[in-house]
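Undergrad: Input structure: coords.cif, which contains mmCIF, C-alpha atoms.
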data_data
loop_
_atom_site.group_PDB
_atom_site.id
_atom_site.type_symbol
_atom_site.label_atom_id
_atom_site.label_comp_id
_atom_site.auth_asym_id
_atom_site.auth_seq_id
_atom_site.Cartn_x
_atom_site.Cartn_y
_atom_site.Cartn_z
ATOM 1 C CA MET A 1 -80.081 -8.737 0.256
ATOM 2 C CA SER A 2 -82.260 -9.433 -2.788
ATOM 3 C CA LYS A 3 -81.927 -12.515 -5.009
ATOM 4 C CA THR A 4 -80.791 -10.293 -7.887
ATOM 5 C CA THR A 5 -77.898 -8.952 -5.800
ATOM 6 C CA ASP A 6 -76.956 -12.472 -4.670
ATOM 7 C CA LYS A 7 -76.399 -13.520 -8.294
ATOM 8 C CA LEU A 8 -74.019 -10.627 -9.015
ATOM 9 C CA PRO A 9 -70.243 -11.270 -8.966
ATOM 10 C CA ALA A 10 -68.361 -10.013 -5.913
ATOM 11 C CA LYS A 11 -66.571 -7.298 -7.920
ATOM 12 C CA LYS A 12 -69.869 -5.866 -9.199
ATOM 13 C CA ILE A 13 -71.377 -5.931 -5.714
ATOM 14 C CA PHE A 14 -68.317 -4.086 -4.351
ATOM 15 C CA LYS A 15 -68.495 -1.540 -7.188
ATOM 16 C CA LYS A 16 -72.218 -1.050 -6.588
ATOM 17 C CA ASP A 17 -71.697 -0.466 -2.854
ATOM 18 C CA PHE A 18 -68.424 1.471 -3.236
ATOM 19 C CA PRO A 19 -69.869 4.822 -1.963
ATOM 20 C CA TYR A 20 -70.934 3.087 1.263
ATOM 21 C CA HIS A 21 -67.444 1.610 1.694
ATOM 22 C CA ILE A 22 -65.962 5.097 1.326
ATOM 23 C CA MET A 23 -68.382 6.427 3.970
ATOM 24 C CA LEU A 24 -67.367 3.604 6.310
ATOM 25 C CA LEU A 25 -63.620 4.068 5.767
ATOM 26 C CA PRO A 26 -63.066 6.942 8.291
ATOM 27 C CA ALA A 27 -64.717 4.925 11.075
ATOM 28 C CA VAL A 28 -62.617 1.870 10.211
ATOM 29 C CA LEU A 29 -59.408 3.937 10.212
ATOM 30 C CA LEU A 30 -60.231 5.599 13.537
ATOM 31 C CA THR A 31 -60.991 2.214 15.098
ATOM 32 C CA LEU A 32 -57.757 0.791 13.726
ATOM 33 C CA ILE A 33 -55.623 3.730 14.909
ATOM 34 C CA PHE A 34 -57.114 4.228 18.371
ATOM 35 C CA ASN A 35 -58.286 0.703 19.290
ATOM 36 C CA TYR A 36 -56.143 -1.896 17.558
ATOM 37 C CA ILE A 37 -52.696 -0.389 17.027
ATOM 38 C CA PRO A 38 -52.371 0.622 20.736
ATOM 39 C CA MET A 39 -52.930 -3.046 21.657
ATOM 40 C CA VAL A 40 -49.223 -3.551 20.870
ATOM 41 C CA GLY A 41 -48.645 -1.906 24.251
ATOM 42 C CA ILE A 42 -50.075 -4.983 25.988
ATOM 43 C CA ILE A 43 -46.578 -6.451 25.740
ATOM 44 C CA ILE A 44 -45.543 -4.068 28.543
ATOM 45 C CA ALA A 45 -47.495 -6.222 31.019
ATOM 46 C CA PHE A 46 -45.049 -9.066 30.383
ATOM 47 C CA LYS A 47 -41.872 -6.974 30.522
ATOM 48 C CA LYS A 48 -39.950 -4.877 33.019
ATOM 49 C CA TYR A 49 -40.570 -1.802 30.938
ATOM 50 C CA SER A 50 -38.263 1.200 30.737
ATOM 51 C CA PHE A 51 -38.413 4.243 28.448
ATOM 52 C CA ARG A 52 -34.777 3.844 27.462
ATOM 53 C CA LEU A 53 -35.132 0.279 26.176
ATOM 54 C CA GLY A 54 -38.621 0.628 24.722
ATOM 55 C CA PHE A 55 -41.350 -1.962 24.122
ATOM 56 C CA PHE A 56 -39.225 -4.647 22.540
ATOM 57 C CA GLY A 57 -35.881 -3.922 24.217
ATOM 58 C CA SER A 58 -37.104 -4.157 27.833
ATOM 59 C CA PRO A 59 -36.333 -7.481 29.567
ATOM 60 C CA TRP A 60 -39.077 -10.089 29.913
ATOM 61 C CA ALA A 61 -40.741 -10.386 33.310
ATOM 62 C CA GLY A 62 -43.135 -13.191 32.470
ATOM 63 C CA LEU A 63 -46.176 -13.347 34.752
ATOM 64 C CA THR A 64 -44.509 -11.383 37.575
ATOM 65 C CA TYR A 65 -46.958 -8.480 37.439
ATOM 66 C CA PHE A 66 -49.981 -10.754 37.182
ATOM 67 C CA LYS A 67 -48.871 -12.582 40.312
ATOM 68 C CA ARG A 68 -48.582 -9.189 41.984
ATOM 69 C CA PHE A 69 -52.197 -8.539 40.974
ATOM 70 C CA PHE A 70 -53.366 -11.365 43.223
ATOM 71 C CA SER A 71 -51.154 -10.293 46.131
ATOM 72 C CA ASP A 72 -52.033 -6.574 46.058
ATOM 73 C CA PHE A 73 -53.891 -5.894 49.319
ATOM 74 C CA THR A 74 -55.307 -2.614 47.997
ATOM 75 C CA LEU A 75 -57.132 -4.238 45.079
ATOM 76 C CA PRO A 76 -60.087 -5.860 46.941
ATOM 77 C CA THR A 77 -61.228 -2.453 48.226
ATOM 78 C CA VAL A 78 -60.632 -0.823 44.843
ATOM 79 C CA ILE A 79 -62.573 -3.529 42.980
ATOM 80 C CA LEU A 80 -65.406 -3.406 45.529
ATOM 81 C CA ASN A 81 -65.678 0.370 45.105
ATOM 82 C CA SER A 82 -65.752 -0.057 41.316
ATOM 83 C CA VAL A 83 -68.419 -2.773 41.389
ATOM 84 C CA ILE A 84 -70.693 -0.914 43.820
ATOM 85 C CA LEU A 85 -70.457 2.372 41.907
ATOM 86 C CA GLY A 86 -70.783 0.579 38.556
ATOM 87 C CA VAL A 87 -73.871 -1.382 39.602
ATOM 88 C CA MET A 88 -75.514 1.717 41.082
ATOM 89 C CA SER A 89 -74.869 3.707 37.909
ATOM 90 C CA LEU A 90 -75.998 0.852 35.649
ATOM 91 C CA VAL A 91 -79.214 -0.031 37.469
ATOM 92 C CA LEU A 92 -80.401 3.457 38.398
ATOM 93 C CA GLY A 93 -79.216 4.966 35.105
ATOM 94 C CA THR A 94 -80.958 2.318 32.994
ATOM 95 C CA VAL A 95 -84.203 2.481 34.960
ATOM 96 C CA THR A 96 -84.242 6.292 34.780
ATOM 97 C CA ALA A 97 -83.546 6.329 31.026
ATOM 98 C CA ILE A 98 -86.307 3.786 30.323
ATOM 99 C CA LEU A 99 -88.795 5.618 32.553
ATOM 100 C CA PHE A 100 -87.935 8.940 30.904
ATOM 101 C CA ALA A 101 -88.424 7.441 27.426
ATOM 102 C CA LEU A 102 -91.780 5.918 28.428
ATOM 103 C CA LEU A 103 -93.042 9.166 29.938
ATOM 104 C CA LEU A 104 -91.767 11.225 27.023
ATOM 105 C CA ASN A 105 -93.664 8.953 24.658
ATOM 106 C CA GLU A 106 -96.884 9.866 26.458
ATOM 107 C CA ILE A 107 -96.510 13.585 25.714
ATOM 108 C CA THR A 108 -98.937 14.469 22.944
ATOM 109 C CA GLY A 109 -97.782 18.027 22.215
ATOM 110 C CA LEU A 110 -95.075 17.722 19.522
ATOM 111 C CA ARG A 111 -93.409 21.087 20.225
ATOM 112 C CA PHE A 112 -93.287 20.534 23.963
ATOM 113 C CA LYS A 113 -92.003 16.990 23.406
ATOM 114 C CA LYS A 114 -89.137 18.237 21.225
ATOM 115 C CA PHE A 115 -88.343 20.948 23.771
ATOM 116 C CA VAL A 116 -88.113 18.403 26.607
ATOM 117 C CA GLN A 117 -85.906 16.144 24.480
ATOM 118 C CA THR A 118 -83.547 18.982 23.607
ATOM 119 C CA VAL A 119 -83.260 20.127 27.214
ATOM 120 C CA SER A 120 -82.621 16.551 28.395
ATOM 121 C CA TYR A 121 -79.730 16.111 25.907
ATOM 122 C CA PHE A 122 -77.945 19.290 26.960
ATOM 123 C CA PRO A 123 -76.240 18.029 30.188
ATOM 124 C CA HIS A 124 -74.506 15.260 28.203
ATOM 125 C CA PHE A 125 -72.386 17.872 26.422
ATOM 126 C CA ILE A 126 -71.263 19.588 29.639
ATOM 127 C CA SER A 127 -67.740 18.537 30.635
ATOM 128 C CA PHE A 128 -67.351 16.943 34.048
ATOM 129 C CA VAL A 129 -65.023 19.783 35.063
ATOM 130 C CA THR A 130 -67.945 22.183 34.686
ATOM 131 C CA VAL A 131 -70.213 19.756 36.538
ATOM 132 C CA VAL A 132 -67.766 19.677 39.460
ATOM 133 C CA VAL A 133 -67.816 23.484 39.636
ATOM 134 C CA ILE A 134 -71.638 23.371 39.744
ATOM 135 C CA LEU A 135 -71.592 20.697 42.454
ATOM 136 C CA GLN A 136 -69.165 22.702 44.557
ATOM 137 C CA ALA A 137 -71.404 25.759 44.260
ATOM 138 C CA PHE A 138 -74.369 23.726 45.493
ATOM 139 C CA LEU A 139 -72.867 21.288 47.999
ATOM 140 C CA THR A 140 -70.108 23.130 49.880
ATOM 141 C CA SER A 141 -70.678 24.124 53.508
ATOM 142 C CA ASP A 142 -71.858 27.584 52.406
ATOM 143 C CA GLY A 143 -73.427 26.366 49.151
ATOM 144 C CA LEU A 144 -76.971 26.852 47.942
ATOM 145 C CA LEU A 145 -78.257 23.501 49.232
ATOM 146 C CA ASN A 146 -76.965 24.046 52.759
ATOM 147 C CA GLN A 147 -78.380 27.575 52.802
ATOM 148 C CA LEU A 148 -81.761 26.199 51.708
ATOM 149 C CA LEU A 149 -81.749 23.419 54.322
ATOM 150 C CA ILE A 150 -80.855 25.835 57.102
ATOM 151 C CA SER A 151 -83.429 28.434 56.017
ATOM 152 C CA LEU A 152 -86.157 25.755 55.979
ATOM 153 C CA GLY A 153 -85.141 24.549 59.420
ATOM 154 C CA ILE A 154 -84.310 21.048 58.202
ATOM 155 C CA THR A 155 -80.779 21.270 59.595
ATOM 156 C CA GLU A 156 -79.256 23.580 62.191
ATOM 157 C CA GLU A 157 -75.765 23.582 60.712
ATOM 158 C CA SER A 158 -74.115 22.974 57.362
ATOM 159 C CA VAL A 159 -73.783 19.402 56.093
ATOM 160 C CA LEU A 160 -70.394 18.526 54.635
ATOM 161 C CA PHE A 161 -71.764 16.737 51.545
ATOM 162 C CA LEU A 162 -68.464 16.645 49.667
ATOM 163 C CA GLY A 163 -66.508 15.483 52.709
ATOM 164 C CA GLU A 164 -68.757 12.620 53.806
ATOM 165 C CA PRO A 165 -67.705 9.246 52.301
ATOM 166 C CA ASN A 166 -71.245 7.802 52.577
ATOM 167 C CA TYR A 167 -72.612 10.582 50.349
ATOM 168 C CA TYR A 168 -69.949 10.264 47.659
ATOM 169 C CA ARG A 169 -71.417 7.352 45.671
ATOM 170 C CA TRP A 170 -74.898 8.842 45.687
ATOM 171 C CA ILE A 171 -73.617 12.233 44.563
ATOM 172 C CA VAL A 172 -71.683 10.645 41.683
ATOM 173 C CA THR A 173 -74.587 8.363 40.684
ATOM 174 C CA LEU A 174 -77.233 11.088 40.775
ATOM 175 C CA THR A 175 -74.932 13.444 38.885
ATOM 176 C CA SER A 176 -74.412 10.769 36.229
ATOM 177 C CA ILE A 177 -78.182 10.240 35.968
ATOM 178 C CA TRP A 178 -78.785 13.982 35.536
ATOM 179 C CA LYS A 179 -76.015 14.207 32.956
ATOM 180 C CA GLU A 180 -76.764 11.117 30.856
ATOM 181 C CA THR A 181 -80.469 10.241 31.175
ATOM 182 C CA GLY A 182 -81.626 12.245 28.157
ATOM 183 C CA TRP A 183 -78.793 10.989 25.980
ATOM 184 C CA SER A 184 -79.212 7.351 27.086
ATOM 185 C CA ALA A 185 -82.945 7.511 26.422
ATOM 186 C CA ILE A 186 -82.421 8.194 22.702
ATOM 187 C CA ILE A 187 -82.097 4.506 21.832
ATOM 188 C CA TYR A 188 -85.230 3.637 23.832
ATOM 189 C CA ILE A 189 -87.194 6.464 22.219
ATOM 190 C CA ALA A 190 -86.121 5.169 18.801
ATOM 191 C CA ALA A 191 -87.251 1.659 19.755
ATOM 192 C CA ILE A 192 -90.620 2.980 20.939
ATOM 193 C CA THR A 193 -91.232 4.851 17.675
ATOM 194 C CA GLY A 194 -90.786 1.557 15.823
ATOM 195 C CA ILE A 195 -93.671 -0.152 17.631
ATOM 196 C CA ASP A 196 -96.664 -1.019 15.445
ATOM 197 C CA GLN A 197 -99.291 1.637 16.194
ATOM 198 C CA SER A 198 -102.132 -0.751 15.340
ATOM 199 C CA MET A 199 -101.500 -2.536 18.663
ATOM 200 C CA TYR A 200 -102.277 0.679 20.552
ATOM 201 C CA GLU A 201 -105.399 1.257 18.491
ATOM 202 C CA ALA A 202 -106.628 -2.292 19.165
ATOM 203 C CA ALA A 203 -105.873 -1.928 22.871
ATOM 204 C CA LYS A 204 -107.799 1.359 23.106
ATOM 205 C CA ILE A 205 -110.793 -0.227 21.382
ATOM 206 C CA ASP A 206 -110.702 -2.942 24.054
ATOM 207 C CA GLY A 207 -110.759 -0.231 26.751
ATOM 208 C CA ALA A 208 -107.077 -0.180 27.725
ATOM 209 C CA SER A 209 -105.883 2.953 29.525
ATOM 210 C CA ARG A 210 -102.634 4.781 28.700
ATOM 211 C CA TRP A 211 -101.021 3.045 31.662
ATOM 212 C CA ASN A 212 -102.145 -0.365 30.354
ATOM 213 C CA CYS A 213 -100.753 0.455 26.890
ATOM 214 C CA MET A 214 -97.441 1.491 28.426
ATOM 215 C CA TRP A 215 -97.165 -1.573 30.653
ATOM 216 C CA TYR A 216 -98.465 -4.275 28.294
ATOM 217 C CA ILE A 217 -97.410 -2.961 24.866
ATOM 218 C CA THR A 218 -94.628 -0.361 25.021
ATOM 219 C CA LEU A 219 -92.438 -1.935 27.704
ATOM 220 C CA PRO A 220 -92.568 -5.544 26.389
ATOM 221 C CA SER A 221 -91.885 -4.283 22.855
ATOM 222 C CA ILE A 222 -88.581 -2.641 23.852
ATOM 223 C CA ILE A 223 -87.318 -5.588 25.944
ATOM 224 C CA PRO A 224 -84.852 -6.631 23.176
ATOM 225 C CA THR A 225 -83.392 -3.109 23.139
ATOM 226 C CA ILE A 226 -83.151 -3.041 26.937
ATOM 227 C CA SER A 227 -81.383 -6.418 26.929
ATOM 228 C CA LEU A 228 -78.919 -5.259 24.286
ATOM 229 C CA MET A 229 -78.075 -2.036 26.146
ATOM 230 C CA LEU A 230 -77.660 -3.859 29.458
ATOM 231 C CA ILE A 231 -75.304 -6.413 27.901
ATOM 232 C CA LEU A 232 -73.175 -3.660 26.373
ATOM 233 C CA SER A 233 -73.187 -1.656 29.623
ATOM 234 C CA VAL A 234 -72.259 -4.551 31.911
ATOM 235 C CA GLY A 235 -68.789 -4.664 30.368
ATOM 236 C CA GLY A 236 -68.070 -1.146 31.629
ATOM 237 C CA ILE A 237 -68.886 -1.723 35.300
ATOM 238 C CA LEU A 238 -65.213 -1.855 36.321
ATOM 239 C CA ASN A 239 -64.314 1.272 34.332
ATOM 240 C CA VAL A 240 -66.614 3.789 36.026
ATOM 241 C CA GLY A 241 -65.767 6.658 38.331
ATOM 242 C CA PHE A 242 -62.452 7.960 36.972
ATOM 243 C CA ASP A 243 -63.549 11.577 36.420
ATOM 244 C CA PRO A 244 -65.250 11.900 39.834
ATOM 245 C CA ALA A 245 -62.245 10.353 41.591
ATOM 246 C CA MET A 246 -59.906 12.672 39.711
ATOM 247 C CA LEU A 247 -61.870 15.908 40.087
ATOM 248 C CA LEU A 248 -64.382 15.553 42.928
ATOM 249 C CA ALA A 249 -62.855 13.242 45.523
ATOM 250 C CA ASN A 250 -60.712 14.434 48.419
ATOM 251 C CA SER A 251 -58.734 12.868 51.241
ATOM 252 C CA MET A 252 -61.930 12.203 53.239
ATOM 253 C CA THR A 253 -63.914 10.546 50.432
ATOM 254 C CA MET A 254 -61.017 8.766 48.702
ATOM 255 C CA PRO A 255 -61.595 5.446 50.557
ATOM 256 C CA LYS A 256 -64.925 5.191 48.672
ATOM 257 C CA ALA A 257 -63.777 7.075 45.556
ATOM 258 C CA ARG A 258 -60.684 5.030 44.697
ATOM 259 C CA VAL A 259 -61.938 2.916 41.791
ATOM 260 C CA LEU A 260 -60.005 0.618 39.484
ATOM 261 C CA SER A 261 -59.614 3.063 36.585
ATOM 262 C CA TYR A 262 -58.214 5.723 38.940
ATOM 263 C CA TYR A 263 -55.956 3.152 40.622
ATOM 264 C CA VAL A 264 -54.535 2.152 37.219
ATOM 265 C CA TYR A 265 -53.932 5.814 36.356
ATOM 266 C CA ASN A 266 -52.285 6.489 39.702
ATOM 267 C CA THR A 267 -50.105 3.376 39.446
ATOM 268 C CA GLY A 268 -48.999 3.978 35.865
ATOM 269 C CA ILE A 269 -48.920 7.724 35.258
ATOM 270 C CA ILE A 270 -48.279 9.087 38.747
ATOM 271 C CA SER A 271 -46.075 6.323 40.195
ATOM 272 C CA GLY A 272 -44.466 5.324 36.903
ATOM 273 C CA ASP A 273 -45.132 1.593 37.355
ATOM 274 C CA PHE A 274 -46.176 1.089 33.728
ATOM 275 C CA SER A 275 -45.829 -2.684 33.629
ATOM 276 C CA TYR A 276 -48.085 -3.302 36.607
ATOM 277 C CA SER A 277 -50.680 -0.749 35.463
ATOM 278 C CA THR A 278 -50.786 -2.435 32.018
ATOM 279 C CA ALA A 279 -51.264 -5.819 33.680
ATOM 280 C CA LEU A 280 -54.095 -4.337 35.728
ATOM 281 C CA SER A 281 -55.731 -2.932 32.596
ATOM 282 C CA LEU A 282 -55.403 -6.259 30.779
ATOM 283 C CA VAL A 283 -56.959 -8.237 33.633
ATOM 284 C CA THR A 284 -59.725 -5.630 33.891
ATOM 285 C CA SER A 285 -60.460 -6.007 30.180
ATOM 286 C CA ILE A 286 -60.669 -9.786 30.561
ATOM 287 C CA PHE A 287 -63.106 -9.433 33.457
ATOM 288 C CA SER A 288 -65.166 -6.886 31.486
ATOM 289 C CA ALA A 289 -65.413 -9.255 28.522
ATOM 290 C CA SER A 290 -66.416 -12.057 30.911
ATOM 291 C CA PHE A 291 -69.156 -9.865 32.386
ATOM 292 C CA MET A 292 -70.524 -9.248 28.882
ATOM 293 C CA VAL A 293 -70.601 -12.977 28.118
ATOM 294 C CA ILE A 294 -72.284 -13.732 31.451
ATOM 295 C CA GLY A 295 -74.786 -10.908 30.903
ATOM 296 C CA ASN A 296 -75.525 -12.199 27.410
ATOM 297 C CA THR A 297 -76.079 -15.726 28.745
ATOM 298 C CA ILE A 298 -78.418 -14.501 31.488
ATOM 299 C CA SER A 299 -80.312 -12.350 28.975
ATOM 300 C CA ARG A 300 -80.810 -15.313 26.641
ATOM 301 C CA LYS A 301 -82.056 -17.460 29.534
ATOM 302 C CA LEU A 302 -84.524 -14.865 30.809
ATOM 303 C CA THR A 303 -85.695 -13.040 27.679
ATOM 304 C CA GLY A 304 -84.454 -15.072 24.734
ATOM 305 C CA GLU A 305 -82.529 -12.006 23.495
ATOM 306 C CA GLY A 306 -78.766 -11.589 23.198
ATOM 307 C CA ILE A 307 -75.995 -10.250 20.987
ATOM 308 C CA ILE A 308 -73.987 -13.476 20.567
#
In structure tokens, write the structure found in this file.
TA:
Amino acid sequence: MSKTTDKLPAKKIFKKDFPYHIMLLPAVLLTLIFNYIPMVGIIIAFKKYSFRLGFFGSPWAGLTYFKRFFSDFTLPTVILNSVILGVMSLVLGTVTAILFALLLNEITGLRFKKFVQTVSYFPHFISFVTVVVILQAFLTSDGLLNQLLISLGITEESVLFLGEPNYYRWIVTLTSIWKETGWSAIIYIAAITGIDQSMYEAAKIDGASRWNCMWYITLPSIIPTISLMLILSVGGILNVGFDPAMLLANSMTMPKARVLSYYVYNTGIISGDFSYSTALSLVTSIFSASFMVIGNTISRKLTGEGII
């Protein structure tokens, strides 16, 4: 903010920036309605909730459901599944998005570059229901992939991709990469376009190749953006895998597909144990916030960049 603006009274500053406040108002209202007001429901975790008595009329249960959290024998497997799938999606997804952005930056043809960008964004807008239909067409016992493998002589009989638990995590992770790489790369592409072009010109004069420019200029310059995105993504590790577990998993793959978000849904919506599912969600949120703080601390130690 300029010195002239700093000297203005608060009312004049507000009046001057009033159009921007109006533009921001819908986002503030949506955040308030869908993120803050529903937090009143957290009280369910401390009560023996019933529809008839409501939020405030249901009797208090104290920490009963939180104690149950630590005695639930199903949770260790569920949390392990969530962490493994979350880490796979985070690491492979981030690496793929960064690599895609770096390679896209090396394309010199503007029209072809825009075409590749547009095509890469498209899968993000496909619903996971449609993706599941595509996967079933490709990966069933008589699907296109099995027909191709048999015709090439790689296998003698069909492989049950969707029924093998060891394949489930890789199918979900690779599907997520295909679906989200182009969209996730947008922020990295924006960061790359902000790099001072004079550094590339100086490097080329010194005889640096395109690979050297990418490795020693482009990648180090977007480290702050990478750190920021990793910190924000770490908080969602425990919340991955709901759609695949809901739509793609079956009785054979469910031991690997049952993640925390699906377990909360099954406990609360299907079984009707709303108090325990709310307690699970609250503890999950606390762990997610802790992961973000830990990730921020590690990022500051290693790169000097962080969000807090």
Undergrad: Would you write out, as an MDAnalysis selection string, every residue that the PyMOL selection byres ((chain A and resi 219-223) around 12) captures in this file?
TA: chainID A and resid 95 98:99 101:103 105 185 187:197 199:200 211:218 224:230 299:300 302:306
Undergrad: Write out as a Markdown table the residues of stretch 83-121 of chain A that have any atom within 9 Å of an atom of stretch 160-179 of chain A, one row each with the nearest atom pair and its distance in Å to one decimal, counting only C-alpha atoms, sorted by chain and then rising number.
TA:
| residue | atom | partner | partner_atom | distance |
| --- | --- | --- | --- | --- |
| A:Ile84 | CA | A:Arg169 | CA | 8.5 |
| A:Leu85 | CA | A:Arg169 | CA | 6.3 |
| A:Gly86 | CA | A:Thr173 | CA | 8.9 |
| A:Met88 | CA | A:Thr173 | CA | 6.7 |
| A:Ser89 | CA | A:Thr173 | CA | 5.4 |
| A:Leu92 | CA | A:Ile177 | CA | 7.5 |
| A:Gly93 | CA | A:Ile177 | CA | 5.4 |
| A:Thr94 | CA | A:Ile177 | CA | 8.9 |
| A:Thr96 | CA | A:Ile177 | CA | 7.3 |
| A:Ala97 | CA | A:Ile177 | CA | 8.3 |
| A:Ser120 | CA | A:Lys179 | CA | 8.4 |
| A:Tyr121 | CA | A:Lys179 | CA | 8.2 |
Undergrad: Which residues match the PyMOL selection byres ((chain A and resi 82) around 8) in the file above, as a list in words?
TA: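 Taken on the displayed file, the PyMOL selection byres ((chain A and resi 82) around 8) yields the residues Val78, Ile79, Leu80, Asn81, Val83, Ile84, Leu85, Gly86, Ile237, Leu238, Asn239, Val240, Gly241, Arg258, Val259 and Leu260 of chain A.
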Undergrad: Selection in question (the file shown): the PyMOL selection byres ((chain A and resi 278) around 8). Which residues does it include, as an MDAnalysis selection string?
TA: chainID A and resid 42 44:45 264 268 274:277 279:282
Undergrad: Could you please take those selected residues and save C-alpha atoms as a short mmCIF file (atom, residue, chain, number, x, y, z; two decimals), keeping the file's coordinate frame?
TA:
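In the end it all went to result_26.cif:
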data_model
loop_
_atom_site.label_atom_id
_atom_site.label_comp_id
_atom_site.auth_asym_id
_atom_site.auth_seq_id
_atom_site.Cartn_x
_atom_site.Cartn_y
_atom_site.Cartn_z
CA ILE A 42 -50.08 -4.98 25.99
CA ILE A 44 -45.54 -4.07 28.54
CA ALA A 45 -47.50 -6.22 31.02
CA VAL A 264 -54.54 2.15 37.22
CA GLY A 268 -49.00 3.98 35.86
CA PHE A 274 -46.18 1.09 33.73
CA SER A 275 -45.83 -2.68 33.63
CA TYR A 276 -48.08 -3.30 36.61
CA SER A 277 -50.68 -0.75 35.46
CA ALA A 279 -51.26 -5.82 33.68
CA LEU A 280 -54.10 -4.34 35.73
CA SER A 281 -55.73 -2.93 32.60
CA LEU A 282 -55.40 -6.26 30.78
#
Undergrad: As an exercise, work out the distance from atom CA of A:Gly235 to atom CA of A:Val132 in Å and give it to one decimal place.
TA: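 Result for atom CA of A:Gly235 versus atom CA of A:Val132: 26.0 Å, one decimal.
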Undergrad: Quick one: pull the distance between atom CA of A:Ala203 and atom CA of A:Leu110, Å, one decimal.
TA: 22.7 Å
Undergrad: Mind completing stretch 246-258 of chain A with N, CA, C and O atoms? Output as a CSV table (one decimal), keeping the file's coordinate frame, please?
TA:
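selection-v7.csv written:
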chain,number,residue,atom,x,y,z
A,246,MET,N,-61.0,11.7,40.1
A,246,MET,CA,-59.9,12.7,39.7
A,246,MET,C,-60.2,14.1,40.1
A,246,MET,O,-59.4,14.9,40.6
A,247,LEU,N,-61.5,14.5,40.0
A,247,LEU,CA,-61.9,15.9,40.1
A,247,LEU,C,-62.7,16.2,41.3
A,247,LEU,O,-62.7,17.4,41.8
A,248,LEU,N,-63.4,15.3,41.8
A,248,LEU,CA,-64.4,15.6,42.9
A,248,LEU,C,-63.9,15.0,44.3
A,248,LEU,O,-64.2,15.6,45.3
A,249,ALA,N,-63.2,13.9,44.3
A,249,ALA,CA,-62.9,13.2,45.5
A,249,ALA,C,-61.8,14.0,46.3
A,249,ALA,O,-61.1,14.8,45.7
A,250,ASN,N,-61.7,13.8,47.6
A,250,ASN,CA,-60.7,14.4,48.4
A,250,ASN,C,-60.2,13.4,49.4
A,250,ASN,O,-60.6,12.2,49.3
A,251,SER,N,-59.4,13.8,50.3
A,251,SER,CA,-58.7,12.9,51.2
A,251,SER,C,-59.8,12.2,52.1
A,251,SER,O,-59.5,11.0,52.5
A,252,MET,N,-60.9,12.8,52.4
A,252,MET,CA,-61.9,12.2,53.2
A,252,MET,C,-62.8,11.2,52.5
A,252,MET,O,-63.2,10.2,53.0
A,253,THR,N,-63.1,11.4,51.2
A,253,THR,CA,-63.9,10.5,50.4
A,253,THR,C,-63.1,9.5,49.6
A,253,THR,O,-63.7,8.6,49.0
A,254,MET,N,-61.8,9.6,49.5
A,254,MET,CA,-61.0,8.8,48.7
A,254,MET,C,-61.2,7.3,49.0
A,254,MET,O,-61.1,6.4,48.1
A,255,PRO,N,-61.4,6.9,50.3
A,255,PRO,CA,-61.6,5.4,50.6
A,255,PRO,C,-62.8,4.9,49.8
A,255,PRO,O,-62.7,3.7,49.4
A,256,LYS,N,-63.8,5.7,49.5
A,256,LYS,CA,-64.9,5.2,48.7
A,256,LYS,C,-64.8,5.6,47.2
A,256,LYS,O,-65.4,5.0,46.3
A,257,ALA,N,-63.9,6.6,46.9
A,257,ALA,CA,-63.8,7.1,45.6
A,257,ALA,C,-62.7,6.4,44.7
A,257,ALA,O,-62.7,6.4,43.5
A,258,ARG,N,-61.8,5.7,45.4
A,258,ARG,CA,-60.7,5.0,44.7
A,258,ARG,C,-61.2,3.8,43.9
A,258,ARG,O,-61.4,2.7,44.5
